[in-house]
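What follows is one structure encoded as structure tokens, with my remarks underneath.
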Amino acid sequence: MLLASIFWWVRGGLTCLVLLSTSLIIYKYNDPILGLTNVPHIMDLFQGQWSLEREGTPYFTYNSNFKRPKYEYNSDEKFDDINSNIAITHYNLNLINNDPDSIKYSHKVLILTVMDKFNAEYWSNLQDLSYPRKNIELGIMVSRQGDYETTLKKLYDIISTIQKGEKEEKFKKITILLEETGSSSNKPIDDKEPSSTDPNLNLEIHKRKSMALMKNELLFATLGPEVSWILWLDGRVTKTPTSLIQDLTNHGKPILTTNILRRKDTGNDKDQDDFFHPDTLNNWVNSQVSVNMVSDLSKNDILIEGVSTKDTDRPLMRQFYDINSSPLTEMELDSVGTSCTLIRSDIHRDGAMFPSFPFYNLIETEGFTKMAKRLGYQAYGLPNYVIYMN
């Protein structure tokens, strides 16, 4: 009987000691239990409960104080307070509207421009567009070629003037980017880059590569979740129809480009000669000759229309220009430039970009059109719809 009493007394004492020790381990430390990496068993027992609850972090999902709200995802902008300092906006990109009637549905349009020189006529034309400013965002990439500091100063001045004007005159958003120092266009050709015995082709390849890198950076830095259409507009543009945006969206095409003329001023207003801008060489249709030509090239060779010395026999969109025909006339193209080209935003979101590398023996805008077509998007052109560039 005495031995039994001693046994129960000792057993009870040991139990109390264990409980006391455990309590000391849990509450003694000021540091989080998560820091006790040398006691894995205690971590397994307590890191999912007391440590996180005691720290007051929102990651502890088992305590009613930290339950996360349920979210309903839709295309409307809604804000849910997780705590008093955080707001979340929900977007459903599958519901972005690309209906041809862009005015009716208040489509957000992003105008993107790579600019190497300030062009006052570009801004004058931009301000004449009849599309609502509240639905237009601007993205500008300033090239470091030439006197870019002067270009930036003039940009800041005119943007400041516009954005301080009346509410209906302000653009929804304007983003200015500066080309990264050490552009690839200034780097010499090495053995891993496509090269040719033609110095003009090599120079054009580097120019296109640099332009592709700038366009991609500009695109990815500015494309927001609300944008329905992207209008690529050259910084040398001087005149477009005021209804340019709605004219192009009304066609409802995934990729749509215009024809480009350059106006030659002879000094007499009654005697002006319009002629095609060199950038129209980027708008073409494949020919059997060019298909056969490409099949004989290596994967690193690049063929650029109008620069490569070989005749591709590709029909150019400018050859179909008829001043007396409807500006609504459409034609399918296998390549487009970006002097004035409207692109549905989901095409870029699907991955179509401007390759700075040989892509099916094409590069930059010509490579983009090929990439878009591989994704299932056909490009179109308006041979009789004309914009002017200097």
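Just so we're on the same page: first chain in the structure tokens is A, next is B, and so on; residues restart at 1 for each chain, and ligands are numbered from 1 in the order they show up.
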Using DSSP on the backbone coordinates, identify the residues of region 90-273 of chain A assigned to alpha helix (DSSP H); present them as a PyMOL selection string. chain A and resi 120-128+148-163+199-222+244-249
Using only C-alpha atoms, what does the table of region 222-305 of chain A residues within 12 Å of region 349-367 of chain A look like, with each row giving the shortest atom pair and its distance in Å to one decimal, sorted by chain and ascending number, as a tab-separated table?
residue	atom	partner	partner_atom	distance
A:Leu223	CA	A:Arg349	CA	8.8
A:Gly224	CA	A:Arg349	CA	10.3
A:Pro225	CA	A:Arg349	CA	9.8
A:Val227	CA	A:Arg349	CA	10.7
A:Ser228	CA	A:Arg349	CA	10.8
A:Trp229	CA	A:Arg349	CA	11.3
A:Ile230	CA	A:Arg349	CA	11.2
A:Trp232	CA	A:Thr365	CA	10.9
A:Pro254	CA	A:Ala352	CA	11.9
A:Ile255	CA	A:Ala352	CA	11.4
A:Thr257	CA	A:Thr365	CA	11.7
A:Asp279	CA	A:Thr365	CA	10.9
A:Thr280	CA	A:Glu366	CA	11.9
A:Leu281	CA	A:Glu366	CA	10.2
A:Asn282	CA	A:Glu366	CA	6.7
A:Asn283	CA	A:Glu366	CA	8.4
A:Trp284	CA	A:Glu366	CA	9.2
A:Val285	CA	A:Glu366	CA	10.9
A:Asn286	CA	A:Glu366	CA	11.3
A:Ser290	CA	A:Asn361	CA	11.0
A:Val291	CA	A:Tyr360	CA	10.7
A:Met293	CA	A:Asn361	CA	10.3
A:Val294	CA	A:Asn361	CA	7.0
A:Ser295	CA	A:Asn361	CA	9.5
A:Asp296	CA	A:Asn361	CA	10.6
A:Leu297	CA	A:Asn361	CA	7.7
A:Ser298	CA	A:Asn361	CA	8.1
A:Lys299	CA	A:Asn361	CA	6.4
A:Asn300	CA	A:Pro358	CA	5.8
A:Asp301	CA	A:Asn361	CA	5.7
A:Ile302	CA	A:Asn361	CA	4.5
A:Leu303	CA	A:Asn361	CA	5.9
A:Ile304	CA	A:Leu362	CA	7.0
A:Glu305	CA	A:Glu366	CA	9.0
With only C-alpha atoms as the basis for distance, which of A:Ala221, A:Val307, A:Met317, A:Cys340 is at the shortest distance from Ile205 (chain A)?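 Under the stated criterion, the closest residue is A:Val307.
The residue that comes closest to His251 (chain A), out of A:Asp147, A:Asp198, A:Glu330, A:Glu217 and on the basis of only C-alpha atoms, is A:Glu330.
With CA of Ser345 (chain A) on one side and CA of Asn384 (chain A) on the other, the separation reads 24.6 Å.
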As a PyMOL selection string, list the residues of region 222-373 of chain A assigned to strand (DSSP E) by DSSP on the backbone atoms of this structure. chain A and resi 227-233+237-239+255-268+271-276+331-333+340-344
Please produce a file of the residues just selected, as a JSON list (two decimals), in the first residue's frame, where the atoms kept are C-alpha atoms.
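Once everything was written out, this is result01.json:
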[["chain", "number", "residue", "atom", "x", "y", "z"],
["A", 227, "VAL", "CA", -7.28, 48.22, -72.69],
["A", 228, "SER", "CA", -9.32, 46.85, -75.61],
["A", 229, "TRP", "CA", -7.30, 48.18, -78.55],
["A", 230, "ILE", "CA", -3.70, 49.22, -79.15],
["A", 231, "LEU", "CA", -2.93, 51.80, -81.82],
["A", 232, "TRP", "CA", 0.70, 51.87, -82.88],
["A", 233, "LEU", "CA", 1.36, 55.35, -84.25],
["A", 237, "VAL", "CA", 2.85, 61.13, -88.33],
["A", 238, "THR", "CA", 1.63, 64.56, -89.36],
["A", 239, "LYS", "CA", -2.00, 64.04, -90.37],
["A", 255, "ILE", "CA", -4.87, 43.58, -86.95],
["A", 256, "LEU", "CA", -5.54, 46.47, -89.31],
["A", 257, "THR", "CA", -3.08, 48.86, -90.92],
["A", 258, "THR", "CA", -3.38, 51.90, -93.19],
["A", 259, "ASN", "CA", -1.57, 53.19, -96.23],
["A", 260, "ILE", "CA", 1.02, 55.94, -95.77],
["A", 261, "LEU", "CA", 1.78, 58.91, -97.97],
["A", 262, "ARG", "CA", 4.41, 61.59, -97.71],
["A", 263, "ARG", "CA", 3.55, 65.04, -98.93],
["A", 264, "LYS", "CA", 6.13, 66.80, -101.03],
["A", 265, "ASP", "CA", 5.75, 70.55, -100.73],
["A", 266, "THR", "CA", 6.73, 72.26, -103.96],
["A", 267, "GLY", "CA", 6.15, 75.74, -102.53],
["A", 268, "ASN", "CA", 2.86, 76.10, -104.37],
["A", 271, "ASP", "CA", 0.84, 71.98, -106.89],
["A", 272, "GLN", "CA", 1.59, 69.30, -104.33],
["A", 273, "ASP", "CA", 2.79, 65.82, -105.11],
["A", 274, "ASP", "CA", 1.90, 62.98, -102.71],
["A", 275, "PHE", "CA", 4.08, 59.89, -102.87],
["A", 276, "PHE", "CA", 4.38, 56.70, -100.86],
["A", 331, "MET", "CA", -7.21, 43.20, -98.13],
["A", 332, "GLU", "CA", -5.42, 40.37, -96.32],
["A", 333, "LEU", "CA", -1.74, 40.89, -95.57],
["A", 340, "CYS", "CA", -0.47, 53.41, -88.07],
["A", 341, "THR", "CA", -1.76, 49.99, -87.09],
["A", 342, "LEU", "CA", -4.61, 48.97, -84.80],
["A", 343, "ILE", "CA", -4.19, 45.71, -82.88],
["A", 344, "ARG", "CA", -6.67, 44.00, -80.62]]
Residues near Tyr156 (chain A), cut-off 12 Å, only C-alpha atoms, skip fewer than 2 positions along chain, as a PyMOL selection string: chain A and resi 118+140+142+149-154+158-164+174-177
